[in-house]
Amino acid sequence: MSSATAITTLRSELAAIVGDQHALDDAAVLERLAIEGAVPRVAVTPGSVEEVAGVLKFASARDLVVVPAGGFTRQMTGGIPARVDVVLRTARLTAIEHYDPGDLTIGVGAGMSIAALESKLAQHGQLLPLESHRPEAATIGGSLAVAAHGPLKHGYGGVRDFCIGVHFVTSDGKIAKGGGRVVKNVAGYDLMKLMIGSYGTLGVIVSANFKLFPAPRQTRTFVLKFLLANGAIQFRNRLLRSPLTPMCMELVSPRAAEVLRDRLAADNTWQLLLRAAGSDAVLSRYRNELGNYVKEELDGEPEAAAWRAIADFESEIAARYGNAMLIEVSVPVDWAAETINAAERVAAEHEFICAVVGRVGVGSLLVAYVPVTPDVPAAMQYANAVSAFRACLPRDASVVVTRCPRDAKVHFSVWGSTPNDLETMRAIKRALDPAGILNRGRFLV
């Protein structure tokens, strides 16, 4: 059987599960869905949980490599796949399964975009603090799969804190769930948190339930400036001991501000942005407590633009520097200063320029490494820099490379997490995906 005939046959078999118009083998479409040069044989878009289960059961029986995909905003994370047989898109799973504004809970399909959900919740004055650098494309399921977060993590926690349940399908087509529809649900194993941040390697998330929050009626952002990162961190320590409870506390390095200068003022200072919500009296208290460190106050459209710029930092770096490397770092709160200093020191040693933004109040940072010159450093230096950086951090830190040049990826042996849990990760992978069909070889080797 020729390759073309085999692909046509595969498409026909999958079309019998998802419908003829939802199983595509058009070359132009598949080329756009390529992952680091690996072009899928077929792209399918199931319209129900049962169809997702059918596709995975079929793929498992045929040893087909499946890549779950939402809005394709983070498919550059991970290694280079040897092959991709099926891209399974969740774009048709967009139903609101339940919504009780009075109870502040909602359940939605994994394919709904963050922007669409935000629009729905805004009608009821409610908020889901799940952020992405491309909210119009990023999906609920994809955001859970990569444990996405933005500046609101400071005030509301990460997605594991307000996701209260997920439904997913295992690689052999079994439909499963973790958590539930109510906040107080502690029955069974916490499979929900296992699926969050699993990068589509353990199952396909098909829907999720969330705890919601009232949207603030009024906010204001106070911009504080410091000559050194250590000065900003010392002031952060003071804030963490104070009665102030800002929604966001974001540190922006001078290099990062330069990248975002179209929407965020740039100079040679380290900027600490605090976003506060409340009445005029509450905001006045913030102003008095922060004192002379406040160099600028933002509200209305300028405030929205500044926070959109910070959320878009990853996209801006990628658009401006195609050879940049982006690293998500999570460390204990009291390690923030040491982490920033280590990131800059290692960058200089490996011929990179370092730019940093981050939720310094909770120890979450996004570090960008941009080569000093286009041809330097060599491809292996990306992995060398990450290894040197990781060695400077505590054992319980998490370091995940979310983007780097394709030719550098061959020098990475594992993508992210702590150095002492690799065997645990492999054991869980074997338990939930014994045939290894989900994202084979991209994250664990």
# chains A, B, ... in the order shown; residues from 1 in each chain; ligands from 1

$ select_by_dssp --residues "stretch 67-114 of chain A" --states "strand (DSSP E or B)" --output "ChimeraX atom specification"
/A:67-69,86-89,96-100,105-109,113

$ write_last_selection --atoms "C-alpha atoms" --output "short mmCIF file (atom, residue, chain, number, x, y, z; two decimals), in the first residue's frame"
data_model
loop_
_atom_site.label_atom_id
_atom_site.label_comp_id
_atom_site.auth_asym_id
_atom_site.auth_seq_id
_atom_site.Cartn_x
_atom_site.Cartn_y
_atom_site.Cartn_z
CA VAL A 67 -1.19 15.06 19.70
CA PRO A 68 -4.10 16.75 21.52
CA ALA A 69 -4.41 20.40 20.50
CA VAL A 86 -3.17 12.30 14.36
CA VAL A 87 -3.72 15.83 15.64
CA LEU A 88 -6.83 15.76 17.81
CA ARG A 89 -8.36 19.22 18.04
CA ILE A 96 -21.34 25.52 28.57
CA GLU A 97 -22.33 22.38 30.46
CA HIS A 98 -23.63 24.20 33.51
CA TYR A 99 -23.47 27.74 34.89
CA ASP A 100 -24.83 28.94 38.21
CA THR A 105 -19.43 27.83 39.44
CA ILE A 106 -19.31 26.92 35.76
CA GLY A 107 -18.54 23.90 33.60
CA VAL A 108 -17.34 24.34 30.01
CA GLY A 109 -16.04 22.29 27.12
CA SER A 113 -11.49 29.98 24.09
#

$ residues_around --residues "stretch 248-265 of chain A" --least-positions-apart "2" --cutoff "6 Å" --atoms "only C-alpha atoms" --output "VMD selection string"
chain A and resid 151 to 152 154 to 155 246 268 to 275 305 to 306 355 to 359

$ closest_residue --among "A:Tyr369, A:Leu144, A:Glu423, A:Phe412" --to "A:Ile80" --atoms "only C-alpha atoms"
A:Phe412

$ atom_distance --atom1 "atom CA of A:Ala408" --atom2 "atom CA of A:Met380"
5.8 Å

$ closest_residue --among "A:Ser242, A:Thr424, A:Thr45, A:Gln234" --to "A:Gly111" --atoms "only C-alpha atoms"
A:Thr45

$ residues_around --residues "stretch 200-214 of chain A" --least-positions-apart "6" --cutoff "8 Å" --atoms "only C-alpha atoms" --output "JSON, numbers by chain"
{"A": [49, 67, 68, 90, 93, 104, 105, 106, 107, 108, 109, 110, 111, 125, 126, 127, 128, 140, 141, 145, 162, 163, 164, 165, 166, 167, 168, 169, 170, 171, 180, 181, 183, 428, 429, 432, 433, 438, 439, 440]}

$ closest_residue --among "A:Ala147, A:Gln75, A:Thr221, A:Arg62" --to "A:Phe443" --atoms "only C-alpha atoms"
A:Gln75

$ residues_around --residues "A:Ala311" --least-positions-apart "2" --cutoff "8 Å" --atoms "only C-alpha atoms" --output "PyMOL selection string"
chain A and resi 131-133+150-151+307-309+313-314

$ closest_residue --among "A:Gly363, A:Gly291, A:Gly71, A:Pro81" --to "A:Glu338" --atoms "only C-alpha atoms"
A:Gly363

$ closest_residue --among "A:Met325, A:Thr373, A:Gly179, A:Gly173" --to "A:Glu50" --atoms "only C-alpha atoms"
A:Gly173

$ residues_around --residues "A:Asp20" --least-positions-apart "6" --cutoff "9 Å" --atoms "only C-alpha atoms" --output "VMD selection string"
chain A and resid 11 to 12 14

$ residues_around --residues "A:Leu30" --least-positions-apart "5" --cutoff "8 Å" --atoms "only C-alpha atoms" --output "list in words"
Leu24, Asp25, Val39, Pro40, Arg41, Val42 and Ala43 of chain A

$ write_last_selection --atoms "N, CA and C atoms" --output "PDB file, in the first residue's frame"
ATOM      1  N   LEU A  24      -9.523  15.508   8.333  1.00  0.00           N
ATOM      2  CA  LEU A  24      -8.899  16.177   7.190  1.00  0.00           C
ATOM      3  C   LEU A  24      -7.518  15.609   6.901  1.00  0.00           C
ATOM      4  N   ASP A  25      -7.255  15.432   5.615  1.00  0.00           N
ATOM      5  CA  ASP A  25      -5.900  15.057   5.195  1.00  0.00           C
ATOM      6  C   ASP A  25      -5.385  15.988   4.111  1.00  0.00           C
ATOM      7  N   VAL A  39       4.795  16.743  10.220  1.00  0.00           N
ATOM      8  CA  VAL A  39       3.473  17.003   9.661  1.00  0.00           C
ATOM      9  C   VAL A  39       2.556  15.821   9.983  1.00  0.00           C
ATOM     10  N   PRO A  40       1.393  16.078  10.590  1.00  0.00           N
ATOM     11  CA  PRO A  40       0.479  14.969  10.906  1.00  0.00           C
ATOM     12  C   PRO A  40      -0.092  14.331   9.649  1.00  0.00           C
ATOM     13  N   ARG A  41      -0.503  13.094   9.782  1.00  0.00           N
ATOM     14  CA  ARG A  41      -1.127  12.393   8.657  1.00  0.00           C
ATOM     15  C   ARG A  41      -2.592  12.794   8.510  1.00  0.00           C
ATOM     16  N   VAL A  42      -3.260  13.001   9.635  1.00  0.00           N
ATOM     17  CA  VAL A  42      -4.677  13.365   9.631  1.00  0.00           C
ATOM     18  C   VAL A  42      -4.942  14.297  10.813  1.00  0.00           C
ATOM     19  N   ALA A  43      -5.871  15.229  10.628  1.00  0.00           N
ATOM     20  CA  ALA A  43      -6.343  16.074  11.720  1.00  0.00           C
ATOM     21  C   ALA A  43      -7.821  15.792  11.940  1.00  0.00           C
TER      22      ALA A  43
END

$ atom_distance --atom1 "atom CA of A:Glu316" --atom2 "atom CA of A:Ala137"
15.8 Å

$ residues_around --residues "A:Val372" --least-positions-apart "6" --cutoff "6 Å" --atoms "only C-alpha atoms" --output "list in words"
Glu351, Phe352 and Ile353 of chain A

$ select_by_dssp --residues "stretch 109-160 of chain A" --states "alpha helix (DSSP H)" --output "PyMOL selection string"
chain A and resi 114-122+140-145+153-156+159-160

$ decode --residues "stretch 379-401 of chain A" --atoms "N, CA and C atoms" --output "mmCIF file, in the first residue's frame"
data_model
loop_
_atom_site.group_PDB
_atom_site.id
_atom_site.type_symbol
_atom_site.label_atom_id
_atom_site.label_comp_id
_atom_site.auth_asym_id
_atom_site.auth_seq_id
_atom_site.Cartn_x
_atom_site.Cartn_y
_atom_site.Cartn_z
ATOM 1 N N ALA A 379 23.873 25.949 19.172
ATOM 2 C CA ALA A 379 22.588 25.356 19.564
ATOM 3 C C ALA A 379 22.650 24.692 20.936
ATOM 4 N N MET A 380 23.734 23.987 21.234
ATOM 5 C CA MET A 380 23.805 23.264 22.501
ATOM 6 C C MET A 380 23.901 24.205 23.703
ATOM 7 N N GLN A 381 24.244 25.463 23.462
ATOM 8 C CA GLN A 381 24.384 26.393 24.562
ATOM 9 C C GLN A 381 23.054 26.711 25.232
ATOM 10 N N TYR A 382 21.942 26.542 24.512
ATOM 11 C CA TYR A 382 20.641 26.760 25.136
ATOM 12 C C TYR A 382 20.443 25.761 26.277
ATOM 13 N N ALA A 383 20.671 24.486 25.980
ATOM 14 C CA ALA A 383 20.534 23.457 27.009
ATOM 15 C C ALA A 383 21.570 23.650 28.118
ATOM 16 N N ASN A 384 22.790 24.031 27.739
ATOM 17 C CA ASN A 384 23.831 24.265 28.744
ATOM 18 C C ASN A 384 23.427 25.393 29.697
ATOM 19 N N ALA A 385 22.840 26.448 29.129
ATOM 20 C CA ALA A 385 22.417 27.585 29.954
ATOM 21 C C ALA A 385 21.309 27.176 30.918
ATOM 22 N N VAL A 386 20.341 26.396 30.436
ATOM 23 C CA VAL A 386 19.259 25.942 31.313
ATOM 24 C C VAL A 386 19.804 25.057 32.427
ATOM 25 N N SER A 387 20.726 24.163 32.082
ATOM 26 C CA SER A 387 21.309 23.289 33.101
ATOM 27 C C SER A 387 22.055 24.096 34.163
ATOM 28 N N ALA A 388 22.819 25.090 33.718
ATOM 29 C CA ALA A 388 23.558 25.925 34.668
ATOM 30 C C ALA A 388 22.604 26.731 35.544
ATOM 31 N N PHE A 389 21.536 27.234 34.941
ATOM 32 C CA PHE A 389 20.539 28.001 35.693
ATOM 33 C C PHE A 389 19.842 27.101 36.709
ATOM 34 N N ARG A 390 19.438 25.905 36.257
ATOM 35 C CA ARG A 390 18.737 24.973 37.152
ATOM 36 C C ARG A 390 19.605 24.597 38.352
ATOM 37 N N ALA A 391 20.905 24.489 38.128
ATOM 38 C CA ALA A 391 21.817 24.102 39.206
ATOM 39 C C ALA A 391 21.904 25.169 40.298
ATOM 40 N N CYS A 392 21.500 26.403 39.985
ATOM 41 C CA CYS A 392 21.550 27.489 40.962
ATOM 42 C C CYS A 392 20.317 27.539 41.855
ATOM 43 N N LEU A 393 19.293 26.734 41.532
ATOM 44 C CA LEU A 393 18.006 26.837 42.217
ATOM 45 C C LEU A 393 17.814 25.695 43.206
ATOM 46 N N PRO A 394 16.886 25.862 44.152
ATOM 47 C CA PRO A 394 16.630 24.786 45.120
ATOM 48 C C PRO A 394 15.995 23.577 44.448
ATOM 49 N N ARG A 395 16.062 22.436 45.097
ATOM 50 C CA ARG A 395 15.583 21.188 44.503
ATOM 51 C C ARG A 395 14.084 21.210 44.225
ATOM 52 N N ASP A 396 13.323 21.966 45.006
ATOM 53 C CA ASP A 396 11.885 21.987 44.798
ATOM 54 C C ASP A 396 11.439 23.039 43.796
ATOM 55 N N ALA A 397 12.395 23.674 43.123
ATOM 56 C CA ALA A 397 12.044 24.614 42.063
ATOM 57 C C ALA A 397 11.590 23.855 40.820
ATOM 58 N N SER A 398 10.766 24.495 40.006
ATOM 59 C CA SER A 398 10.342 23.935 38.728
ATOM 60 C C SER A 398 10.847 24.833 37.614
ATOM 61 N N VAL A 399 11.449 24.229 36.590
ATOM 62 C CA VAL A 399 11.988 24.970 35.448
ATOM 63 C C VAL A 399 11.465 24.307 34.184
ATOM 64 N N VAL A 400 10.675 25.035 33.399
ATOM 65 C CA VAL A 400 10.083 24.500 32.179
ATOM 66 C C VAL A 400 10.447 25.395 31.003
ATOM 67 N N VAL A 401 11.120 24.846 30.009
ATOM 68 C CA VAL A 401 11.429 25.588 28.787
ATOM 69 C C VAL A 401 10.187 25.560 27.898
#
